[in-house]
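Only one structure is covered here, and it is reproduced in the block below.
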2 protein chains.
Amino acid sequence: MPHTESLQTALTQTHARIKPYIHDTPVLTSRLLNELAGASLYFKCENFQRMGAFKMRGAVNAIMQLSPEQQRHGVVTHSSGNFAQALALAAQSLGVTAYIVMPSNAPRVKKEAVLAYGGQVIDCAPTLSAREQTAQQLVTERGAAFIHPSNDLHVILGQGTAAVELLARQPDLTYLFTPVGGGGLLAGTILAAQGFGRSCRVVAGEPETMDDAFRSLQSGRIEENASGDTIADGLKTQLGDLNFPIIQQGVEEIILVSEAEIVAAMRLIWERLKIVVEASSAVALAALLKNKAAYAGQSIGIILSGGNVDLGKLPF
Amino acid sequence: MPHTESLQTALTQTHARIKPYIHDTPVLTSRLLNELAGASLYFKCENFQRMGAFKMRGAVNAIMQLSPEQQRHGVVTHSSGNFAQALALAAQSLGVTAYIVMPSNAPRVKKEAVLAYGGQVIDCAPTLSAREQTAQQLVTERGAAFIHPSNDLHVILGQGTAAVELLARQPDLTYLFTPVGGGGLLAGTILAAQGFGRSCRVVAGEPETMDDAFRSLQSGRIEENASGDTIADGLKTQLGDLNFPIIQQGVEEIILVSEAEIVAAMRLIWERLKIVVEASSAVALAALLKNKAAYAGQSIGIILSGGNVDLGKLPF
């Protein structure tokens with residue numbers, strides 16, 4: 001299959017490229033969680049990734065795909081989440097300037113994290129148009145390259161390398177579960193399953209209150225989130241026109257989960273795996289537990305997306 | 001040195017004996033924590049051990065050293081902490097009955113954990129004499145073998161295997177840090193450092209409010225804790241006459257730490273290593289950070305003793 005071969009090549013090259021700058025994160029298992037799910041679970045721990053989330057992978061790859069000339073002018077994104085920190089640390093590791101556009105009301109701890117990784121924080125008014133305008137200004141005035149947190153093919157391929165590593169260790173997985181927010185991790189994981197899985201299908205979990213991907217899959221076009229909030233704050237973003245087609249053709253099912261189900265899954269991960277993961281990470285396990293009858297007896301990889309939590313604001 | 005040789009033999013045999021029943025737990029590092037300490041730190045993650053703490057090692061070893069005849073009559077201990085769960089799970093793994101004497105006012109969750117590991121919970125009045133009497137009754141009436149949580153040579157050797165594994169990966173450690181409570185982990189770690197270290201010395205951290213080991217070292221005899229409490233609840237126990245002499249001849253220093261220093265170190269471990277550890281585990285890092293000038297530039301192993309926390313009662 002030429003499709004599979006070209007995917008393998010693209011992902012293999014991506015992984016080789018970013019490897020010196022990322023961790024090959026460990027895979028954890030738990031007898032009790034296996035019993036609870038009635039399946040064999042393999043947790044890919046991206047909470048142990050550099051800067052604490054899988055986003056490091058895509059950020060490194062996107063910067064490395066720029067020409068030396070482009071790299072000299074720096075990179076820019078707008079984000080107040082993990083991608084802000086990821087782009088800052090990736091840029092620092094590669095000797096590139098990173099401009100991170102953040103709303104003036106972003107939590108101070110988020111700005112400090114970007115600064116600690118050597119990024120330049122550019123304040124803007126707390127509206128989407130102000131964010132876009134400020135980022136655009138940095139592109140035109142300083143020649144910085146804009147890198148989108150999820151709707152960018154190099155970012156998508158970078159995120160897919162988490163599943164590439166997992167499938168290298170567990171080649172017989174029959175399913176891979178991820179959360180879906182902006183769609184970069186889900187799209188990348190689908191490409192990895194198609195390239196390296198032996199009949200491995202991909203399922204996503206999504207918060208009920210932020211169900212744009214679920215509705216987009218039903219309607220066949222990108223739907224927007226209305227209002228609504230979720231504890232899985234990393235998932236409060238929209239699908240994009242580059243990752244939606246990949247998700248549309250490749251996802252098996254998107255399972256909606258309630259806030260209580262997310263917190264319960266997060267607690268299970270903390271108590272049983274003894275690791276710190278953010279709420280977004282728990283959405284994939286919550287989805288599996290919700291539909292566990294359908295996946296009984298399967299061999300399932302679960303991507304734990306990150307571990308950046310505010311210990312002063314835990315839901316327990 | 002015959003002393004070193006016999007230690008190596010005893011620990012090597014212990015490790016080989018218990019290996020099928022324990023995890024060789026991972027070792028984590030963090031650039032930021034290295035910078036903070038001004039030293040190279042290697043965290044031995046016993047929070048990932050079976051039942052969530054290093055105590056599994058000693059419990060397995062103690063039961064395996066009993067004769068088949070003794071094993072047929074079961075084992076007994078009194079504990080409401082990690083050793084209760086450890087002995088229950090170790091006994092279950094080895095097909096032995098475990099009687100765990102617990103005060104009637106012990107938290108329900110602790111009793112349920114013992115039951116979940118197949119142990120038999122024997123209630124007693126909440127006094128030390130009632131605990132001892134009830135345990136003694138099981139010894140005389142049912143022929144069960146009493147196993148002390150820390151003051152038992154086989155338990156001490158078992159606990160020492162955590163440091164044996166760590167030194168196998170990092171043979172050039174110049175220091176090993178552990179918490180000290182009952183003294184089993186500290187004594188076992190000292191034996192491991194003497195047997196397998198290349199000039200590796202051992203330092204312990206102890207809560208200021210529960211400083212019996214610190215005072216015992218000064219006075220030369222086992223001192224008791226008066227009243228007092230600590231968030232590091234695994235350390236609310238006394239040294240014993242078997243582990244004290246080992247500690248006395250082998251510990252470099254015992255560093256007292258405040259409750260605030262324990263919580264701060266616990267928070268650093270959760271935020272930077274992204275793992276769940278109990279407060280007792282953080283005492284060793286707290287001790288190092290308190291005296292970090294004295295250990296600058298060293299290569300330091302830190303035993304993180306366990307990860308059994310009540311997420312509803314976190315100090316953050």
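In the structure tokens, chains take letters A, B, ... by order of appearance, with residues numbered from 1 within each chain and ligands from 1 in the order shown.
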Give the residues of chain A that lie within 12 Å of chain B; count only C-alpha atoms, and format the answer as a ChimeraX atom specification.
/A:23,25-32,45-53,116-117,263-264,266-278,306-316
Please list as a list in words every residue within 9 Å of Leu186 of chain B, counting only C-alpha atoms and excluding residues in the same chain fewer than 6 positions away.
Ile156, Gln159, Gly160, Phe177, Thr178, Pro179, Val180, Val202, Val203, Ala204, Asn243, Ile246, Ile247 and Val251 of chain B
For the helix (DSSP H, G or I) assignment from backbone DSSP, which residues of segment 56-218 of chain B qualify? Please present them as a PyMOL selection string.
chain B and resi 56-64+68-72+82-93+108-116+128-142+153-169+184-196+208-210+212-218
Point-to-point distance from atom CA of Ile100 of chain B to atom CA of Ser79 of chain B, Å rounded to tenths:
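These atoms are spaced 7.0 Å apart.
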Residues at most 12 Å from Gln8 of chain B, counting only C-alpha atoms, excluding those fewer than 3 positions away in the same chain, as a list in words?
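My list of contacting residues is Met1, Pro2, His3, Thr4, Glu5, Leu11, Thr12, Gln13, Thr14, His15, Ala16, Leu157, Gly160, Thr161, Val164, Leu191, Ala192, Ala193, Gln194, Gly195, Phe196 and Gly197 of chain B.
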Work out how far apart atom CA of Glu35 of chain B and atom CA of Glu112 of chain A are and give it in Å to one decimal.
17.5 Å
DSSP on the backbone: what in segment 138-252 of chain A comes out strand (DSSP E or B), as a ChimeraX atom specification?
/A:145-146,175-179,201-207,251-252
Nearest to Gly58 of chain B: which of B:Ile262, B:Val155, B:Met102, B:Ala90 is it, counting only C-alpha atoms?
B:Val155
What's the separation between atom CA of Glu141 of chain B and atom CA of Val121 of chain B, in Å to one decimal place?
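Spanning atom CA of Glu141 of chain B to atom CA of Val121 of chain B is a straight-line distance of 16.3 Å.
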Looking at only C-alpha atoms, which of A:Leu87, A:Gln248, A:Ala260, A:Asp241 is the one that sits closest to Leu153 of chain A?
A:Asp241
Considering only C-alpha atoms, return as a PyMOL selection string whatever protein or nucleic-acid residues lie within 10 Å of Thr237 of chain A, sequence-local ones (same chain, fewer than 6 positions apart) excluded.
chain A and resi 149-150+180-183+210+212-213+224-225
